[in-house]
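K.L.:
Got target_8.txt for you, compact mmCIF, C-alpha atoms:
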# COMPACT_ATOMS: atom_id res chain seq x y z
CA MET P 1 -47.28 -12.62 -36.60
CA LYS P 2 -44.37 -11.21 -34.55
CA ILE P 3 -41.53 -13.67 -34.04
CA VAL P 4 -40.01 -13.49 -30.54
CA PRO P 5 -36.40 -14.74 -30.33
CA ARG P 6 -35.93 -17.36 -27.61
CA ASN P 7 -33.09 -19.12 -25.84
CA GLU P 8 -32.60 -22.49 -27.52
CA GLN P 9 -32.00 -24.30 -24.19
CA THR P 10 -34.50 -22.69 -21.84
CA GLY P 11 -37.11 -21.41 -24.26
CA GLU P 12 -37.15 -18.06 -22.49
CA ALA P 13 -37.62 -14.92 -24.53
CA LEU P 14 -34.40 -13.08 -25.24
CA PRO P 15 -34.20 -9.38 -24.33
CA ALA P 16 -35.00 -7.11 -27.20
CA THR P 17 -32.09 -5.38 -28.91
CA PRO P 18 -32.30 -1.59 -28.47
CA PRO P 19 -33.16 0.21 -31.66
CA ALA P 20 -30.05 1.39 -33.48
CA GLU P 21 -31.15 5.00 -33.27
CA THR P 22 -31.08 4.94 -29.43
CA GLN P 23 -27.48 3.72 -29.15
CA PRO P 24 -25.76 7.05 -29.97
CA ALA P 25 -27.99 8.78 -27.40
CA ARG P 26 -26.96 6.26 -24.73
CA ARG P 27 -23.30 6.72 -25.57
CA GLY P 28 -23.70 10.46 -25.30
CA LEU P 29 -25.37 10.15 -21.91
CA LYS P 30 -22.61 7.85 -20.69
CA SER P 31 -19.93 10.31 -21.82
CA ALA P 32 -21.76 13.17 -20.12
CA ILE P 33 -21.80 11.27 -16.81
CA VAL P 34 -18.27 9.83 -16.99
CA ALA P 35 -16.48 13.09 -17.83
CA PRO P 36 -17.29 14.98 -14.60
CA LEU P 37 -16.82 11.83 -12.53
CA ARG P 38 -13.35 11.36 -13.98
CA VAL P 39 -12.41 14.94 -13.15
CA GLY P 40 -13.83 14.62 -9.63
CA LEU P 41 -11.98 11.38 -8.94
CA ARG P 42 -8.72 12.87 -10.16
CA LEU P 43 -9.14 15.82 -7.83
CA THR P 44 -10.03 13.72 -4.79
CA SER P 45 -7.87 10.60 -5.34
CA LYS P 46 -4.96 11.92 -3.28
CA LEU P 47 -7.31 12.80 -0.44
CA PHE P 48 -8.89 9.33 -0.49
CA GLU P 49 -5.45 7.69 -0.61
CA ALA P 50 -4.26 9.70 2.40
CA ALA P 51 -7.42 8.80 4.32
CA ARG P 52 -7.01 5.11 3.44
CA ARG P 53 -3.42 5.10 4.71
CA ILE P 54 -4.39 6.80 7.96
CA TYR P 55 -7.24 4.34 8.51
CA SER P 56 -5.05 1.31 7.69
CA HIS P 57 -2.35 2.53 10.10
CA ALA P 58 -4.88 3.05 12.89
CA ALA P 59 -6.52 -0.35 12.26
CA LEU P 60 -3.17 -2.14 12.46
CA ALA P 61 -2.14 -0.24 15.59
CA ALA P 62 -5.40 -1.17 17.29
CA HIS P 63 -4.58 -4.90 17.04
CA LEU P 64 -0.97 -4.72 18.24
CA LYS P 65 0.31 -5.00 21.81
CA THR P 66 3.32 -2.84 20.86
CA PRO P 67 3.57 0.76 19.60
CA LEU P 68 3.35 1.33 15.84
CA PRO P 69 5.64 4.21 14.79
CA SER P 70 3.96 6.98 12.83
CA SER P 71 6.64 6.65 10.13
CA VAL P 72 5.34 3.20 9.15
CA VAL P 73 3.33 3.46 5.92
CA VAL P 74 0.41 1.00 5.74
CA LEU P 75 -1.08 0.86 2.25
CA GLY P 76 -3.97 -1.46 3.04
CA ARG P 77 -5.43 -4.14 5.28
CA ALA P 78 -3.10 -6.01 7.63
CA ILE P 79 -4.57 -8.92 9.57
CA VAL P 80 -3.21 -9.65 13.07
CA TYR P 81 -3.82 -13.00 14.76
CA GLY P 82 -2.73 -14.28 18.15
CA THR P 83 -0.93 -12.23 20.76
CA GLY P 84 -0.17 -9.13 18.67
CA GLN P 85 3.51 -9.15 19.64
CA VAL P 86 4.85 -7.51 16.49
CA HIS P 87 7.62 -4.93 16.85
CA PHE P 88 8.04 -2.41 14.01
CA GLY P 89 11.00 -0.14 13.35
CA ASN P 90 10.82 3.17 11.54
CA ASP P 91 10.16 4.01 7.87
CA ILE P 92 8.68 0.60 7.05
CA LEU P 93 6.45 0.17 4.00
CA LEU P 94 3.64 -2.40 4.25
CA TYR P 95 1.59 -3.35 1.21
CA PRO P 96 -1.99 -4.67 1.57
CA ASP P 97 -3.13 -8.14 2.63
CA LEU P 98 -0.35 -8.71 5.16
CA HIS P 99 -0.90 -11.62 7.58
CA LEU P 100 0.82 -11.31 10.99
CA GLU P 101 0.47 -14.10 13.54
CA THR P 102 2.24 -14.65 16.86
CA GLN P 103 1.48 -17.37 19.38
CA GLY P 104 2.64 -18.05 22.94
CA THR P 105 5.76 -16.09 23.85
CA ALA P 106 6.88 -15.64 20.23
CA SER P 107 7.24 -12.26 18.57
CA ILE P 108 7.95 -10.77 15.16
CA THR P 109 10.54 -7.98 14.86
CA ILE P 110 10.78 -5.92 11.68
CA GLY P 111 13.72 -3.54 11.33
CA ASP P 112 13.95 0.00 10.00
CA GLY P 113 13.27 0.58 6.33
CA VAL P 114 11.90 -2.88 5.56
CA VAL P 115 9.50 -3.26 2.62
CA ILE P 116 6.90 -6.03 2.82
CA SER P 117 4.91 -6.55 -0.37
CA ARG P 118 1.32 -7.62 -0.93
CA GLY P 119 0.05 -10.92 0.45
CA VAL P 120 3.02 -11.80 2.71
CA SER P 121 2.42 -14.18 5.65
CA LEU P 122 4.55 -14.00 8.80
CA VAL P 123 3.71 -16.68 11.37
CA ALA P 124 5.80 -16.94 14.57
CA MET P 125 5.57 -19.59 17.25
CA ALA P 126 9.24 -19.27 18.22
CA GLY P 127 10.25 -15.92 16.74
CA ILE P 128 10.92 -14.09 13.46
CA PHE P 129 13.46 -11.30 12.97
CA ILE P 130 13.81 -9.27 9.77
CA GLY P 131 16.82 -6.95 9.58
CA ALA P 132 16.87 -3.32 8.49
CA GLY P 133 16.50 -2.52 4.81
CA SER P 134 15.31 -5.95 3.72
CA MET P 135 12.67 -6.43 1.03
CA ILE P 136 10.11 -9.25 1.12
CA GLY P 137 8.40 -10.03 -2.19
CA GLU P 138 4.67 -10.50 -2.60
CA ASN P 139 3.00 -13.75 -1.49
CA THR P 140 6.08 -14.86 0.46
CA SER P 141 5.51 -17.21 3.41
CA ILE P 142 7.77 -16.99 6.47
CA ARG P 143 6.68 -19.55 9.08
CA ASP P 144 8.82 -20.79 11.94
CA ALA P 145 6.80 -23.92 12.82
CA ASN P 146 5.89 -27.25 11.24
CA HIS P 147 3.04 -29.61 12.10
CA ILE P 148 3.96 -32.95 13.65
CA ARG P 149 2.13 -36.28 13.60
CA GLU P 150 1.06 -38.18 16.69
CA ALA P 151 -0.51 -41.62 16.71
CA GLY P 152 -4.26 -41.53 17.17
CA LYS P 153 -4.58 -37.77 16.59
CA PRO P 154 -5.62 -35.86 13.49
CA ILE P 155 -2.79 -33.66 12.24
CA ARG P 156 -4.65 -30.48 13.20
CA ASP P 157 -4.58 -31.57 16.87
CA ALA P 158 -1.06 -33.04 16.94
CA GLY P 159 0.85 -29.87 17.75
CA HIS P 160 3.92 -28.42 16.08
CA GLU P 161 7.67 -27.96 16.31
CA ALA P 162 9.02 -24.41 16.11
CA GLN P 163 12.46 -22.90 15.49
CA GLY P 164 13.06 -19.20 15.04
CA ILE P 165 13.85 -17.54 11.72
CA THR P 166 16.42 -14.75 11.30
CA ILE P 167 16.67 -12.65 8.15
CA GLY P 168 19.63 -10.28 8.08
CA ARG P 169 20.03 -6.73 6.83
CA GLU P 170 19.45 -5.74 3.19
CA VAL P 171 18.15 -9.19 2.26
CA TRP P 172 16.08 -9.45 -0.93
CA VAL P 173 13.44 -12.19 -0.91
CA GLY P 174 11.74 -12.73 -4.28
CA ARG P 175 8.00 -13.17 -4.73
CA GLY P 176 6.37 -16.41 -3.69
CA ALA P 177 9.30 -17.71 -1.64
CA ALA P 178 8.80 -19.93 1.40
CA ILE P 179 11.22 -19.62 4.32
CA LEU P 180 10.92 -22.50 6.74
CA ALA P 181 11.58 -23.03 10.45
CA GLY P 182 15.11 -22.66 11.82
CA VAL P 183 16.54 -20.80 8.82
CA THR P 184 19.03 -17.93 9.11
CA ILE P 185 19.65 -15.75 6.05
CA GLY P 186 22.79 -13.63 6.13
CA ASP P 187 23.09 -9.93 5.34
CA LYS P 188 22.65 -8.87 1.69
CA ALA P 189 21.66 -12.36 0.54
CA THR P 190 19.15 -12.84 -2.28
CA VAL P 191 16.42 -15.49 -2.40
CA GLY P 192 14.98 -16.18 -5.84
CA ALA P 193 11.28 -16.10 -6.63
CA ASN P 194 9.31 -19.21 -5.56
CA ALA P 195 12.31 -20.69 -3.74
CA VAL P 196 11.78 -22.94 -0.73
CA VAL P 197 14.48 -22.16 1.83
CA THR P 198 15.09 -25.12 4.13
CA ARG P 199 18.63 -24.38 5.33
CA ASN P 200 20.81 -21.40 6.23
CA VAL P 201 21.89 -18.94 3.53
CA PRO P 202 25.31 -17.27 3.89
CA ALA P 203 25.71 -13.51 3.74
CA GLY P 204 25.83 -12.22 0.19
CA ALA P 205 24.74 -15.52 -1.38
CA VAL P 206 22.11 -15.91 -4.08
CA VAL P 207 19.89 -18.98 -3.77
CA GLY P 208 16.96 -20.34 -5.72
CA GLY P 209 14.97 -23.48 -6.47
CA VAL P 210 13.13 -26.15 -4.51
CA PRO P 211 14.79 -26.73 -2.15
CA ALA P 212 16.86 -23.54 -2.44
CA ARG P 213 20.48 -24.07 -3.50
CA PRO P 214 23.35 -21.61 -4.04
CA LEU P 215 23.41 -19.91 -7.42
CA VAL P 216 26.04 -17.22 -6.74
CA SER P 217 28.12 -16.53 -3.63
CA GLY P 218 30.35 -13.73 -2.49
With the file now loaded, output its structure as C-alpha cells.
P.N.:
Amino acid sequence: MKIVPRNEQTGEALPATPPAETQPARRGLKSAIVAPLRVGLRLTSKLFEAARRIYSHAALAAHLKTPLPSSVVVLGRAIVYGTGQVHFGNDILLYPDLHLETQGTASITIGDGVVISRGVSLVAMAGIFIGAGSMIGENTSIRDANHIREAGKPIRDAGHEAQGITIGREVWVGRGAAILAGVTIGDKATVGANAVVTRNVPAGAVVGGVPARPLVSG
C-alpha cells in the first residue's frame, strides 16, 4: 500500500517532492532563462529609468497649478492634494512617495537645489517655505496646522489652527523629523533624526530630541 503524506492539522495530502534526478534539470532551465534576462535588463535599465523619470515629472506637473521647471528631477510618484499651489525652483531632486497638500490660500515654496527624500509629507494651510540648498530626510513631516477641539463636535469636524513654517537656506533635516506649525529654522541649521521641532531654531544651530532642544550652536 502506498503511504500518502498528509498535513497533520487539515488532513490534506501534501504535494509530492520532485524526484531528485529532476532537480538539476530544473536548475539548468532556470539558469538558461535568467542569464539572458539579466543581460537584457542591464542593457535596458537606463532606458526604463529615464522613461520613469519623464513620466513622474509629467504626472506631477499635471496636478500643479504652477509651472514645474524641467530641471526638477522626479524619481517616483508624488501625490498632490488640495489646490496644487506648489512652487518649485530649479535643480530640485524629489525622491518617491512625496505627499504635497495645500488648502485655501496657502502655498508651498521650494527653493533651488533642494533635496526631498522618500516619504516626506508637506501639508500647508498657512504656508511652507523651504530655502535653497536644504535637504529634507526621508519620512519627515512638515505640517503648518494643528487640529482643535470644539464642544459637541468630533475632532475631525472641529477645524484647525495654522501658522506658517519657514525653513532657511542649507538646512539639514534628518530622517523622521516632525516640524510643527509656526516654526522658523535659520540658515544652515541641523535637525536631528526623529526630532520634533516645536519652536524656532537659530541659524547654524544643531537640535535634536522630543521636543527638539539645542545640541550645538554657532
K.L.:
What does the structure give for the distance between CA of Ile128 in chain P and CA of Thr184 in chain P, in Å to one decimal?
P.N.:
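Atom-to-atom, CA of Ile128 in chain P and CA of Thr184 in chain P are spaced 10.0 Å apart.
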K.L.:
In Å to one decimal, how far is CA of Lys65 in chain P from CA of Leu180 in chain P?
P.N.:
25.4 Å
K.L.:
Hey, could you pull the box centre and edge lengths for range 79-91 of chain P, axis-aligned, 5 Å padding per side, all listed atoms, to one decimal in Å, as JSON?
P.N.:
{"center_x": 3.2, "center_y": -5.1, "center_z": 14.3, "size_x": 25.6, "size_y": 28.3, "size_z": 22.9}
K.L.:
Residues within 8 Å of Glu170 in chain P, please, as a PyMOL selection string. Count only C-alpha atoms; anything in the same chain fewer than 4 positions from it doesn't count.
P.N.:
chain P and resi 131-135+187-189
K.L.:
For Ser70 in chain P, work out the shell of residues within 9 Å, counting only C-alpha atoms and skipping chain neighbours fewer than 5 positions away, then give it as a VMD selection string.
P.N.:
chain P and resid 57 90 to 91
K.L.:
Give me a file of those residues, with C-alpha atoms, as a compact mmCIF listing (two decimals), in the frame of the given file.
P.N.:
# COMPACT_ATOMS: atom_id res chain seq x y z
CA HIS P 57 -2.35 2.53 10.10
CA ASN P 90 10.82 3.17 11.54
CA ASP P 91 10.16 4.01 7.87
K.L.:
What does the structure give for the distance between CA of Ile142 in chain P and CA of Glu49 in chain P, in Å to one decimal?
P.N.:
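Rounded to one decimal, the two atoms are 28.9 Å apart.
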K.L.:
Within 12 Å of Glu150 in chain P, counting all atoms listed in the file, which residues qualify if same-chain residues fewer than 5 places away don't, as JSON, numbers by chain?
P.N.:
{"P": [155, 156, 157, 158, 159, 160]}
K.L.:
What's the 7 Å shell around Thr140 in chain P, counting all atoms listed in the file, without same-chain residues fewer than 5 positions away, as a PyMOL selection string?
P.N.:
chain P and resi 120-121+175-178
K.L.:
Of the candidates P:Arg42, P:Ala181, P:Gly76, P:Gly152, which one gets nearest to Ala124 in chain P if we count only C-alpha atoms?
P.N.:
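The shortest atom-to-atom distance to Ala124 in chain P comes from P:Ala181.
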K.L.:
Find, counting all atoms listed in the file, the residue in P:Leu98, P:Met125, P:Ile92, P:Val173 that gets nearest to Gly113 in chain P.
P.N.:
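Residue with the minimum atom-to-atom distance to Gly113 in chain P: P:Ile92.
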K.L.:
The residues within 9 Å of (16.1, -22.4, 0.6), using all atoms listed in the file and the coordinates of the file, should be reported as a ChimeraX atom specification; which are they?
P.N.:
/P:177-180,183,191,195-201,207-214
K.L.:
Restricting the calculation to all atoms listed in the file, which member of P:Ala151, P:Ala13, P:Val80, P:Ala51 is positioned closest to Leu122 in chain P?
P.N.:
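Counting all atoms listed in the file, the residue closest to Leu122 in chain P is P:Val80.
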K.L.:
List as number ranges by chain the protein and nucleic acid residues near Asp97 in chain P, meaning an atom at most 6 Å away when all atoms listed in the file are counted, but skip any in the same chain fewer than 5 places from it.
P.N.:
P: 77-78, 118-119
K.L.:
For a cutoff of 10 Å around the file-coordinate point (-3.8, 1.8, 13.5), which residues qualify once you count only C-alpha atoms? I'd like the result as a VMD selection string.
P.N.:
chain P and resid 53 to 64 67 to 70 74 78
K.L.:
Emit range 79-120 of chain P of the structure in the block as a file comprising N, CA and C atoms, as a JSON list (two decimals), in the first residue's frame.
P.N.:
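Final output, saved to decode01.json:
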[["chain", "number", "residue", "atom", "x", "y", "z"],
["P", 79, "ILE", "N", 2.32, 62.66, -4.77],
["P", 79, "ILE", "CA", 0.88, 62.83, -4.65],
["P", 79, "ILE", "C", 0.57, 64.28, -4.29],
["P", 80, "VAL", "N", -0.34, 64.90, -5.04],
["P", 80, "VAL", "CA", -0.73, 66.29, -4.81],
["P", 80, "VAL", "C", -2.20, 66.33, -4.40],
["P", 81, "TYR", "N", -2.47, 66.93, -3.24],
["P", 81, "TYR", "CA", -3.83, 67.11, -2.76],
["P", 81, "TYR", "C", -4.13, 68.61, -2.64],
["P", 82, "GLY", "N", -5.41, 68.94, -2.73],
["P", 82, "GLY", "CA", -5.82, 70.32, -2.50],
["P", 82, "GLY", "C", -5.70, 71.19, -3.73],
["P", 83, "THR", "N", -5.19, 72.40, -3.53],
["P", 83, "THR", "CA", -5.22, 73.42, -4.57],
["P", 83, "THR", "C", -4.07, 73.32, -5.57],
["P", 84, "GLY", "N", -3.04, 72.55, -5.28],
["P", 84, "GLY", "CA", -1.92, 72.42, -6.21],
["P", 84, "GLY", "C", -1.02, 73.63, -6.27],
["P", 85, "GLN", "N", -1.06, 74.47, -5.24],
["P", 85, "GLN", "CA", -0.22, 75.68, -5.22],
["P", 85, "GLN", "C", 1.15, 75.37, -4.61],
["P", 86, "VAL", "N", 1.96, 74.69, -5.41],
["P", 86, "VAL", "CA", 3.32, 74.34, -5.01],
["P", 86, "VAL", "C", 4.28, 74.96, -6.00],
["P", 87, "HIS", "N", 5.21, 75.76, -5.51],
["P", 87, "HIS", "CA", 6.14, 76.50, -6.36],
["P", 87, "HIS", "C", 7.54, 75.88, -6.24],
["P", 88, "PHE", "N", 8.07, 75.38, -7.35],
["P", 88, "PHE", "CA", 9.37, 74.73, -7.36],
["P", 88, "PHE", "C", 10.42, 75.63, -7.99],
["P", 89, "GLY", "N", 11.61, 75.66, -7.39],
["P", 89, "GLY", "CA", 12.76, 76.29, -8.00],
["P", 89, "GLY", "C", 13.42, 75.34, -8.99],
["P", 90, "ASN", "N", 14.67, 75.63, -9.29],
["P", 90, "ASN", "CA", 15.42, 74.83, -10.26],
["P", 90, "ASN", "C", 16.31, 73.80, -9.57],
["P", 91, "ASP", "N", 16.64, 72.75, -10.31],
["P", 91, "ASP", "CA", 17.62, 71.73, -9.88],
["P", 91, "ASP", "C", 17.23, 71.07, -8.57],
["P", 92, "ILE", "N", 15.96, 70.84, -8.37],
["P", 92, "ILE", "CA", 15.45, 70.15, -7.19],
["P", 92, "ILE", "C", 15.44, 68.66, -7.46],
["P", 93, "LEU", "N", 15.71, 67.88, -6.41],
["P", 93, "LEU", "CA", 15.66, 66.41, -6.51],
["P", 93, "LEU", "C", 14.58, 65.89, -5.58],
["P", 94, "LEU", "N", 13.60, 65.19, -6.16],
["P", 94, "LEU", "CA", 12.47, 64.67, -5.39],
["P", 94, "LEU", "C", 12.49, 63.14, -5.45],
["P", 95, "TYR", "N", 12.59, 62.52, -4.29],
["P", 95, "TYR", "CA", 12.52, 61.07, -4.21],
["P", 95, "TYR", "C", 11.06, 60.62, -4.20],
["P", 96, "PRO", "N", 10.80, 59.32, -4.37],
["P", 96, "PRO", "CA", 9.41, 58.84, -4.48],
["P", 96, "PRO", "C", 8.60, 59.00, -3.21],
["P", 97, "ASP", "N", 7.29, 58.87, -3.39],
["P", 97, "ASP", "CA", 6.30, 58.85, -2.29],
["P", 97, "ASP", "C", 6.23, 60.18, -1.55],
["P", 98, "LEU", "N", 6.35, 61.26, -2.28],
["P", 98, "LEU", "CA", 6.22, 62.61, -1.72],
["P", 98, "LEU", "C", 4.75, 62.98, -1.65],
["P", 99, "HIS", "N", 4.34, 63.55, -0.50],
["P", 99, "HIS", "CA", 2.96, 63.99, -0.30],
["P", 99, "HIS", "C", 2.96, 65.51, -0.22],
["P", 100, "LEU", "N", 2.25, 66.17, -1.12],
["P", 100, "LEU", "CA", 2.16, 67.63, -1.18],
["P", 100, "LEU", "C", 0.69, 68.03, -1.06],
["P", 101, "GLU", "N", 0.39, 68.83, -0.03],
["P", 101, "GLU", "CA", -1.01, 69.25, 0.16],
["P", 101, "GLU", "C", -1.06, 70.73, 0.49],
["P", 102, "THR", "N", -1.90, 71.45, -0.23],
["P", 102, "THR", "CA", -2.16, 72.86, 0.06],
["P", 102, "THR", "C", -3.67, 73.08, 0.10],
["P", 103, "GLN", "N", -4.11, 73.89, 1.06],
["P", 103, "GLN", "CA", -5.53, 74.17, 1.22],
["P", 103, "GLN", "C", -5.74, 75.67, 1.30],
["P", 104, "GLY", "N", -6.93, 76.12, 0.85],
["P", 104, "GLY", "CA", -7.27, 77.54, 0.93],
["P", 104, "GLY", "C", -6.32, 78.38, 0.10],
["P", 105, "THR", "N", -5.81, 79.45, 0.71],
["P", 105, "THR", "CA", -4.87, 80.34, 0.02],
["P", 105, "THR", "C", -3.42, 79.98, 0.28],
["P", 106, "ALA", "N", -3.17, 78.90, 0.99],
["P", 106, "ALA", "CA", -1.80, 78.53, 1.35],
["P", 106, "ALA", "C", -1.04, 78.00, 0.14],
["P", 107, "SER", "N", 0.29, 78.09, 0.23],
["P", 107, "SER", "CA", 1.14, 77.56, -0.82],
["P", 107, "SER", "C", 2.40, 76.97, -0.20],
["P", 108, "ILE", "N", 3.07, 76.15, -0.98],
["P", 108, "ILE", "CA", 4.37, 75.59, -0.61],
["P", 108, "ILE", "C", 5.39, 76.11, -1.61],
["P", 109, "THR", "N", 6.51, 76.65, -1.11],
["P", 109, "THR", "CA", 7.58, 77.15, -1.97],
["P", 109, "THR", "C", 8.85, 76.39, -1.65],
["P", 110, "ILE", "N", 9.47, 75.82, -2.67],
["P", 110, "ILE", "CA", 10.67, 75.01, -2.50],
["P", 110, "ILE", "C", 11.77, 75.63, -3.35],
["P", 111, "GLY", "N", 12.86, 76.04, -2.70],
["P", 111, "GLY", "CA", 13.91, 76.78, -3.37],
["P", 111, "GLY", "C", 14.83, 75.94, -4.24],
["P", 112, "ASP", "N", 15.73, 76.61, -4.95],
["P", 112, "ASP", "CA", 16.66, 75.95, -5.86],
["P", 112, "ASP", "C", 17.52, 74.93, -5.12],
["P", 113, "GLY", "N", 17.77, 73.80, -5.77],
["P", 113, "GLY", "CA", 18.73, 72.84, -5.26],
["P", 113, "GLY", "C", 18.30, 72.05, -4.05],
["P", 114, "VAL", "N", 17.05, 72.12, -3.67],
["P", 114, "VAL", "CA", 16.56, 71.37, -2.50],
["P", 114, "VAL", "C", 16.49, 69.88, -2.84],
["P", 115, "VAL", "N", 16.79, 69.04, -1.84],
["P", 115, "VAL", "CA", 16.64, 67.59, -1.96],
["P", 115, "VAL", "C", 15.58, 67.15, -0.96],
["P", 116, "ILE", "N", 14.55, 66.47, -1.45],
["P", 116, "ILE", "CA", 13.49, 65.96, -0.58],
["P", 116, "ILE", "C", 13.46, 64.44, -0.74],
["P", 117, "SER", "N", 13.73, 63.74, 0.36],
["P", 117, "SER", "CA", 13.90, 62.29, 0.31],
["P", 117, "SER", "C", 12.55, 61.57, 0.31],
["P", 118, "ARG", "N", 12.62, 60.25, 0.27],
["P", 118, "ARG", "CA", 11.44, 59.40, 0.15],
["P", 118, "ARG", "C", 10.49, 59.56, 1.33],
["P", 119, "GLY", "N", 9.19, 59.60, 1.00],
["P", 119, "GLY", "CA", 8.16, 59.54, 2.03],
["P", 119, "GLY", "C", 7.93, 60.82, 2.80],
["P", 120, "VAL", "N", 8.39, 61.96, 2.33],
["P", 120, "VAL", "CA", 8.21, 63.24, 3.03],
["P", 120, "VAL", "C", 6.78, 63.74, 2.81]]
